[in-house]
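Trainee: This is final.pdb (PDB, C-alpha atoms and all ligand atoms).
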```pdb
ATOM      1  CA  MET A   1     -58.255 -89.715   8.154
ATOM      2  CA  ALA A   2     -60.346 -87.344  10.151
ATOM      3  CA  ILE A   3     -62.826 -84.574   9.635
ATOM      4  CA  ARG A   4     -61.432 -81.299  10.933
ATOM      5  CA  THR A   5     -63.343 -78.341  12.324
ATOM      6  CA  ILE A   6     -63.983 -75.661   9.715
ATOM      7  CA  ARG A   7     -63.176 -72.165  10.961
ATOM      8  CA  GLU A   8     -65.865 -69.594  10.295
ATOM      9  CA  ILE A   9     -65.843 -65.942   9.297
ATOM     10  CA  GLY A  10     -64.858 -63.771  12.239
ATOM     11  CA  ASP A  11     -62.004 -66.140  13.107
ATOM     12  CA  ASP A  12     -58.760 -64.193  12.706
ATOM     13  CA  ILE A  13     -56.938 -67.120  11.137
ATOM     14  CA  LEU A  14     -58.988 -66.661   7.942
ATOM     15  CA  THR A  15     -57.463 -63.212   7.391
ATOM     16  CA  LYS A  16     -53.819 -64.267   7.707
ATOM     17  CA  LYS A  17     -51.337 -64.863   4.899
ATOM     18  CA  CYS A  18     -50.243 -68.501   4.729
ATOM     19  CA  LYS A  19     -46.667 -69.738   4.626
ATOM     20  CA  VAL A  20     -45.011 -71.434   1.658
ATOM     21  CA  VAL A  21     -44.620 -75.227   2.005
ATOM     22  CA  LYS A  22     -40.917 -76.046   1.737
ATOM     23  CA  GLU A  23     -41.036 -79.813   2.091
ATOM     24  CA  MET A  24     -43.602 -82.560   2.261
ATOM     25  CA  THR A  25     -43.913 -84.328   5.603
ATOM     26  CA  PRO A  26     -46.084 -87.186   6.888
ATOM     27  CA  ARG A  27     -47.941 -84.587   8.931
ATOM     28  CA  LEU A  28     -48.798 -82.586   5.796
ATOM     29  CA  GLN A  29     -49.880 -85.776   3.981
ATOM     30  CA  THR A  30     -52.340 -86.394   6.820
ATOM     31  CA  LEU A  31     -53.489 -82.783   6.620
ATOM     32  CA  ILE A  32     -54.194 -83.168   2.879
ATOM     33  CA  ASP A  33     -56.136 -86.422   3.448
ATOM     34  CA  ASP A  34     -58.133 -84.733   6.199
ATOM     35  CA  MET A  35     -58.831 -81.709   4.001
ATOM     36  CA  PHE A  36     -60.270 -83.939   1.244
ATOM     37  CA  GLU A  37     -62.404 -85.745   3.807
ATOM     38  CA  THR A  38     -63.555 -82.512   5.462
ATOM     39  CA  MET A  39     -64.425 -80.952   2.082
ATOM     40  CA  ALA A  40     -66.440 -84.031   1.048
ATOM     41  CA  ALA A  41     -68.314 -84.203   4.366
ATOM     42  CA  ALA A  42     -69.250 -80.532   4.056
ATOM     43  CA  GLN A  43     -70.194 -80.945   0.354
ATOM     44  CA  GLY A  44     -67.747 -78.233  -0.649
ATOM     45  CA  VAL A  45     -66.049 -77.578  -3.974
ATOM     46  CA  GLY A  46     -62.844 -76.444  -2.305
ATOM     47  CA  LEU A  47     -61.107 -76.064   1.011
ATOM     48  CA  ALA A  48     -57.957 -74.196   1.990
ATOM     49  CA  ALA A  49     -55.654 -75.075   4.891
ATOM     50  CA  PRO A  50     -56.392 -71.900   6.903
ATOM     51  CA  GLN A  51     -60.051 -72.973   6.976
ATOM     52  CA  VAL A  52     -58.970 -75.874   9.177
ATOM     53  CA  GLY A  53     -56.622 -73.674  11.180
ATOM     54  CA  ILE A  54     -53.329 -74.357   9.367
ATOM     55  CA  LEU A  55     -51.466 -71.383   7.885
ATOM     56  CA  LYS A  56     -49.829 -73.234   4.982
ATOM     57  CA  ARG A  57     -50.254 -72.637   1.266
ATOM     58  CA  ILE A  58     -52.291 -75.771   0.554
ATOM     59  CA  CYS A  59     -55.776 -76.094  -0.886
ATOM     60  CA  VAL A  60     -57.939 -78.881  -2.276
ATOM     61  CA  ILE A  61     -60.523 -78.627  -5.037
ATOM     62  CA  ASP A  62     -63.258 -81.036  -6.109
ATOM     63  CA  ASP A  63     -63.968 -80.327  -9.768
ATOM     64  CA  TYR A  64     -67.137 -82.431  -9.715
ATOM     65  CA  GLU A  65     -68.038 -81.370 -13.269
ATOM     66  CA  HIS A  66     -65.038 -83.348 -14.530
ATOM     67  CA  GLU A  67     -64.795 -85.801 -11.612
ATOM     68  CA  GLN A  68     -61.294 -84.616 -10.782
ATOM     69  CA  LYS A  69     -59.859 -83.743  -7.413
ATOM     70  CA  TYR A  70     -56.772 -81.602  -6.977
ATOM     71  CA  VAL A  71     -54.423 -80.607  -4.223
ATOM     72  CA  LEU A  72     -52.585 -77.387  -4.961
ATOM     73  CA  ILE A  73     -49.495 -76.638  -2.894
ATOM     74  CA  ASN A  74     -47.923 -73.162  -3.180
ATOM     75  CA  PRO A  75     -50.267 -72.282  -6.074
ATOM     76  CA  GLU A  76     -49.489 -69.261  -8.241
ATOM     77  CA  ILE A  77     -51.940 -68.033 -10.834
ATOM     78  CA  THR A  78     -49.898 -67.326 -13.952
ATOM     79  CA  GLU A  79     -52.558 -66.484 -16.537
ATOM     80  CA  THR A  80     -56.170 -65.379 -16.608
ATOM     81  CA  GLU A  81     -58.578 -64.861 -19.477
ATOM     82  CA  GLY A  82     -62.054 -63.435 -19.857
ATOM     83  CA  GLU A  83     -64.526 -62.953 -17.044
ATOM     84  CA  GLN A  84     -67.559 -64.545 -15.453
ATOM     85  CA  ILE A  85     -69.995 -63.298 -12.852
ATOM     86  CA  GLY A  86     -71.536 -66.015 -10.746
ATOM     87  CA  GLN A  87     -72.654 -67.181  -7.351
ATOM     88  CA  GLU A  88     -69.997 -68.092  -4.886
ATOM     89  CA  GLY A  89     -70.140 -69.547  -1.410
ATOM     90  CA  CYS A  90     -67.625 -70.667   1.173
ATOM     91  CA  LEU A  91     -67.633 -73.379   3.834
ATOM     92  CA  SER A  92     -66.391 -70.714   6.273
ATOM     93  CA  VAL A  93     -69.475 -68.576   5.580
ATOM     94  CA  PRO A  94     -72.299 -71.118   6.022
ATOM     95  CA  GLY A  95     -75.751 -70.383   4.646
ATOM     96  CA  LYS A  96     -74.586 -67.420   2.579
ATOM     97  CA  ALA A  97     -73.587 -66.686  -1.006
ATOM     98  CA  GLY A  98     -72.712 -63.713  -3.151
ATOM     99  CA  ASP A  99     -72.053 -62.861  -6.775
ATOM    100  CA  VAL A 100     -68.388 -62.424  -7.644
ATOM    101  CA  LYS A 101     -66.623 -61.520 -10.873
ATOM    102  CA  ARG A 102     -63.789 -63.935 -11.677
ATOM    103  CA  PRO A 103     -61.768 -64.781 -14.784
ATOM    104  CA  MET A 104     -63.432 -67.344 -17.085
ATOM    105  CA  LYS A 105     -60.165 -69.195 -17.536
ATOM    106  CA  VAL A 106     -57.262 -69.517 -15.110
ATOM    107  CA  THR A 107     -53.867 -71.185 -15.340
ATOM    108  CA  VAL A 108     -52.164 -72.045 -12.077
ATOM    109  CA  GLU A 109     -48.753 -73.485 -11.315
ATOM    110  CA  ALA A 110     -48.575 -75.558  -8.145
ATOM    111  CA  PHE A 111     -46.942 -78.566  -6.534
ATOM    112  CA  ASP A 112     -48.691 -81.887  -5.977
ATOM    113  CA  ARG A 113     -48.405 -84.012  -2.839
ATOM    114  CA  GLU A 114     -45.111 -85.469  -4.083
ATOM    115  CA  MET A 115     -43.925 -81.842  -4.442
ATOM    116  CA  LYS A 116     -43.795 -82.223  -8.219
ATOM    117  CA  LYS A 117     -44.599 -79.044 -10.073
ATOM    118  CA  PHE A 118     -47.601 -79.091 -12.397
ATOM    119  CA  THR A 119     -49.707 -76.667 -14.379
ATOM    120  CA  LEU A 120     -53.487 -76.711 -14.348
ATOM    121  CA  THR A 121     -55.823 -74.724 -16.568
ATOM    122  CA  GLY A 122     -59.452 -74.495 -15.568
ATOM    123  CA  GLU A 123     -62.506 -72.835 -17.022
ATOM    124  CA  GLY A 124     -65.812 -71.877 -15.466
ATOM    125  CA  LEU A 125     -66.348 -73.535 -12.110
ATOM    126  CA  LEU A 126     -62.762 -74.770 -11.833
ATOM    127  CA  ALA A 127     -61.381 -71.299 -12.647
ATOM    128  CA  ARG A 128     -63.637 -69.818  -9.968
ATOM    129  CA  ALA A 129     -62.563 -72.430  -7.420
ATOM    130  CA  ILE A 130     -58.855 -71.867  -8.135
ATOM    131  CA  CYS A 131     -59.274 -68.109  -7.563
ATOM    132  CA  HIS A 132     -61.390 -68.554  -4.427
ATOM    133  CA  GLU A 133     -59.012 -71.060  -2.819
ATOM    134  CA  THR A 134     -55.795 -69.201  -3.661
ATOM    135  CA  ASP A 135     -57.414 -66.058  -2.180
ATOM    136  CA  HIS A 136     -57.844 -67.957   1.110
ATOM    137  CA  LEU A 137     -54.066 -68.481   1.225
ATOM    138  CA  ASP A 138     -53.636 -64.701   1.205
ATOM    139  CA  GLY A 139     -56.260 -64.220   3.915
ATOM    140  CA  GLU A 140     -58.928 -63.020   1.498
ATOM    141  CA  LEU A 141     -62.591 -64.045   1.598
ATOM    142  CA  TYR A 142     -65.087 -63.764  -1.264
ATOM    143  CA  VAL A 143     -67.406 -61.687   0.935
ATOM    144  CA  ASP A 144     -65.116 -58.695   0.342
ATOM    145  CA  LYS A 145     -65.294 -59.126  -3.446
ATOM    146  CA  THR A 146     -69.014 -59.438  -4.089
ATOM    147  CA  ILE A 147     -70.882 -57.203  -6.485
ATOM    148  CA  ASP A 148     -73.931 -56.691  -4.227
ATOM    149  CA  GLY A 149     -72.954 -58.164  -0.870
ATOM    150  CA  ILE A 150     -73.913 -61.553   0.516
ATOM    151  CA  TYR A 151     -77.349 -63.103   0.839
ATOM    152  CA  ASP A 152     -78.938 -66.122   2.515
ATOM    153  CA  VAL A 153     -79.016 -69.478   0.775
ATOM    154  CA  MET A 154     -80.328 -72.749   2.080
ATOM    155  CA  PRO A 155     -77.829 -75.448   2.965
ATOM    156  CA  PRO A 156     -78.034 -78.507   0.626
ATOM    157  CA  GLU A 157     -79.777 -80.755   3.217
ATOM    158  CA  GLU A 158     -82.674 -78.358   3.656
ATOM    159  CA  GLU A 159     -83.202 -78.009  -0.088
ATOM    160  CA  GLU A 160     -83.619 -81.767  -0.357
ATOM    161  CA  GLU A 161     -86.166 -81.881   2.452
ATOM    162  CA  GLU A 162     -88.378 -79.379   0.683
ATOM    163  CA  GLU A 163     -88.798 -81.466  -2.458
TER     164      GLU A 163
HETATM  165 NI    NI B 201     -63.869 -70.528   0.846
END
```
Please re-express this file's structure in structure tokens.

Mentor:
Amino acid sequence: MAIRTIREIGDDILTKKCKVVKEMTPRLQTLIDDMFETMAAAQGVGLAAPQVGILKRICVIDDYEHEQKYVLINPEITETEGEQIGQEGCLSVPGKAGDVKRPMKVTVEAFDREMKKFTLTGEGLLARAICHETDHLDGELYVDKTIDGIYDVMPPEEEEEEE
């Protein structure tokens, strides 16, 4: 496994629509492993393939509230319910955050790394992460969906140092 370079806002690749995954390959398995490792190293809640420069419909999510990790391949949101307004950040927009309105509950259909179809329903943080990551696959960033724009936040390391 390897940590890959995270592309940052301003990089054209983040605005492109990703391609559907038609079959699993050893190369894509390595990509998924690397995405989990890259997300963990960056202390992120989610990471989408275009953020590491690959235009495929694959994203990973760390639902730390429930200690569950997911890979979603070709995800399609099939149902949404309610709404929540909350702070959102992105590993491709370091040091920034913004408030975004998302559904409170989201159901997504996707394929796992064995290309078996599954359905996942998430509420709160997980619902937000599913929306944010599937947006990446369509070349959309949260910064264009904020209520009041983006603002500075301290990276996790610096917060710890101040205690
Ligand atoms: Ni993001």

Trainee: If you take only C-alpha atoms and all ligand atoms and a cut-off of 8 Å, which residues of chain A touch ligand NI 201 (chain B), and what are their nearest atom pairs and distances in Å to one decimal, in chain and number order, as CSV?

Mentor:
```
residue,atom,partner,partner_atom,distance
A:Gly46,CA,B:NI201,NI,6.8
A:Leu47,CA,B:NI201,NI,6.2
A:Ala48,CA,B:NI201,NI,7.1
A:Gln51,CA,B:NI201,NI,7.6
A:Gly89,CA,B:NI201,NI,6.7
A:Cys90,CA,B:NI201,NI,3.8
A:Leu91,CA,B:NI201,NI,5.6
A:Ser92,CA,B:NI201,NI,6.0
A:Val93,CA,B:NI201,NI,7.6
A:His132,CA,B:NI201,NI,6.2
A:Glu133,CA,B:NI201,NI,6.1
A:His136,CA,B:NI201,NI,6.6
A:Leu141,CA,B:NI201,NI,6.7
A:Tyr142,CA,B:NI201,NI,7.2
```

Trainee: Quick check on the file I pasted: which residues fall under the PyMOL selection byres (((chain A and resi 61) around 6) and not hetatm)? Write them as number ranges by chain.

Mentor: A: 45-46, 60, 62, 69-70

Trainee: For the structure provided, state which residues fall under the PyMOL selection byres (((chain A and resi 113-122) around 12) and not hetatm), and present them as a ChimeraX atom specification.

Mentor: /A:21-33,58-61,63,65-66,68-81,103-112,123-131

Trainee: From the set A:Gln87, A:Thr5, A:Thr15, A:Thr38, which residue has the shortest atom-to-atom contact distance to Asp152 of chain A, counting only C-alpha atoms?

Mentor: A:Gln87

Trainee: Would you work out the distance separating atom CA of Asp12 of chain A from atom CA of Val153 of chain A, expressed in Å to one decimal?

Mentor: 24.1 Å

Trainee: What's the separation between atom CA of Leu55 of chain A and atom CA of Ile150 of chain A, in Å to one decimal place?

Mentor: 25.6 Å

Trainee: Name the residues that the PyMOL selection byres (((chain A and resi 98) around 8) and not hetatm) pulls out of this structure, and write them as a PyMOL selection string.

Mentor: chain A and resi 87-89+96-97+99-100+142-143+146-151

Trainee: Put those residues in a file: C-alpha atoms, as an mmCIF file, keeping the file's coordinate frame.

Mentor:
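Result went into out_18.cif, see below:
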```cif
data_model
loop_
_atom_site.group_PDB
_atom_site.id
_atom_site.type_symbol
_atom_site.label_atom_id
_atom_site.label_comp_id
_atom_site.auth_asym_id
_atom_site.auth_seq_id
_atom_site.Cartn_x
_atom_site.Cartn_y
_atom_site.Cartn_z
ATOM 1 C CA GLN A 87 -72.654 -67.181 -7.351
ATOM 2 C CA GLU A 88 -69.997 -68.092 -4.886
ATOM 3 C CA GLY A 89 -70.140 -69.547 -1.410
ATOM 4 C CA LYS A 96 -74.586 -67.420 2.579
ATOM 5 C CA ALA A 97 -73.587 -66.686 -1.006
ATOM 6 C CA ASP A 99 -72.053 -62.861 -6.775
ATOM 7 C CA VAL A 100 -68.388 -62.424 -7.644
ATOM 8 C CA TYR A 142 -65.087 -63.764 -1.264
ATOM 9 C CA VAL A 143 -67.406 -61.687 0.935
ATOM 10 C CA THR A 146 -69.014 -59.438 -4.089
ATOM 11 C CA ILE A 147 -70.882 -57.203 -6.485
ATOM 12 C CA ASP A 148 -73.931 -56.691 -4.227
ATOM 13 C CA GLY A 149 -72.954 -58.164 -0.870
ATOM 14 C CA ILE A 150 -73.913 -61.553 0.516
ATOM 15 C CA TYR A 151 -77.349 -63.103 0.839
#
```

Trainee: Nearest residue to Phe36 of chain A out of A:Gln84, A:Ile3, A:Ile13, A:Glu140, using all atoms listed in the file?

Mentor: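 With all atoms listed in the file as the atom set, the closest residue is A:Ile3.
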
Trainee: Find the distance between atom CA of Gly10 of chain A and atom CA of Arg102 of chain A and write it in Å to one decimal.

Mentor: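 Atom CA of Arg102 of chain A lies at a distance of 23.9 Å from atom CA of Gly10 of chain A.
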
Trainee: In terms of the shortest atom-to-atom distance over only C-alpha atoms, which of A:Gly82, A:Asp11, A:Leu137, A:Lys16 is closest to Ala49 of chain A?

Mentor: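 Going through A:Gly82, A:Asp11, A:Leu137, A:Lys16 one by one, the smallest distance to Ala49 of chain A is for A:Leu137.
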
Trainee: Can you tell me, as JSON, the centre and edge lengths (Å, one decimal) of the axis-aligned box enclosing all of segment 126-133 of chain A's listed atoms after padding each side by 8 Å?

Mentor:
```
{"center_x": -61.2, "center_y": -71.4, "center_z": -7.7, "size_x": 20.8, "size_y": 22.7, "size_z": 25.8}
```

Trainee: Taking only C-alpha atoms into account, name the residue in A:Met39, A:Pro94, A:Asp144, A:Gly139 that is nearest to Glu8 of chain A.

Mentor: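 Among the listed residues, A:Pro94 lies closest to Glu8 of chain A.
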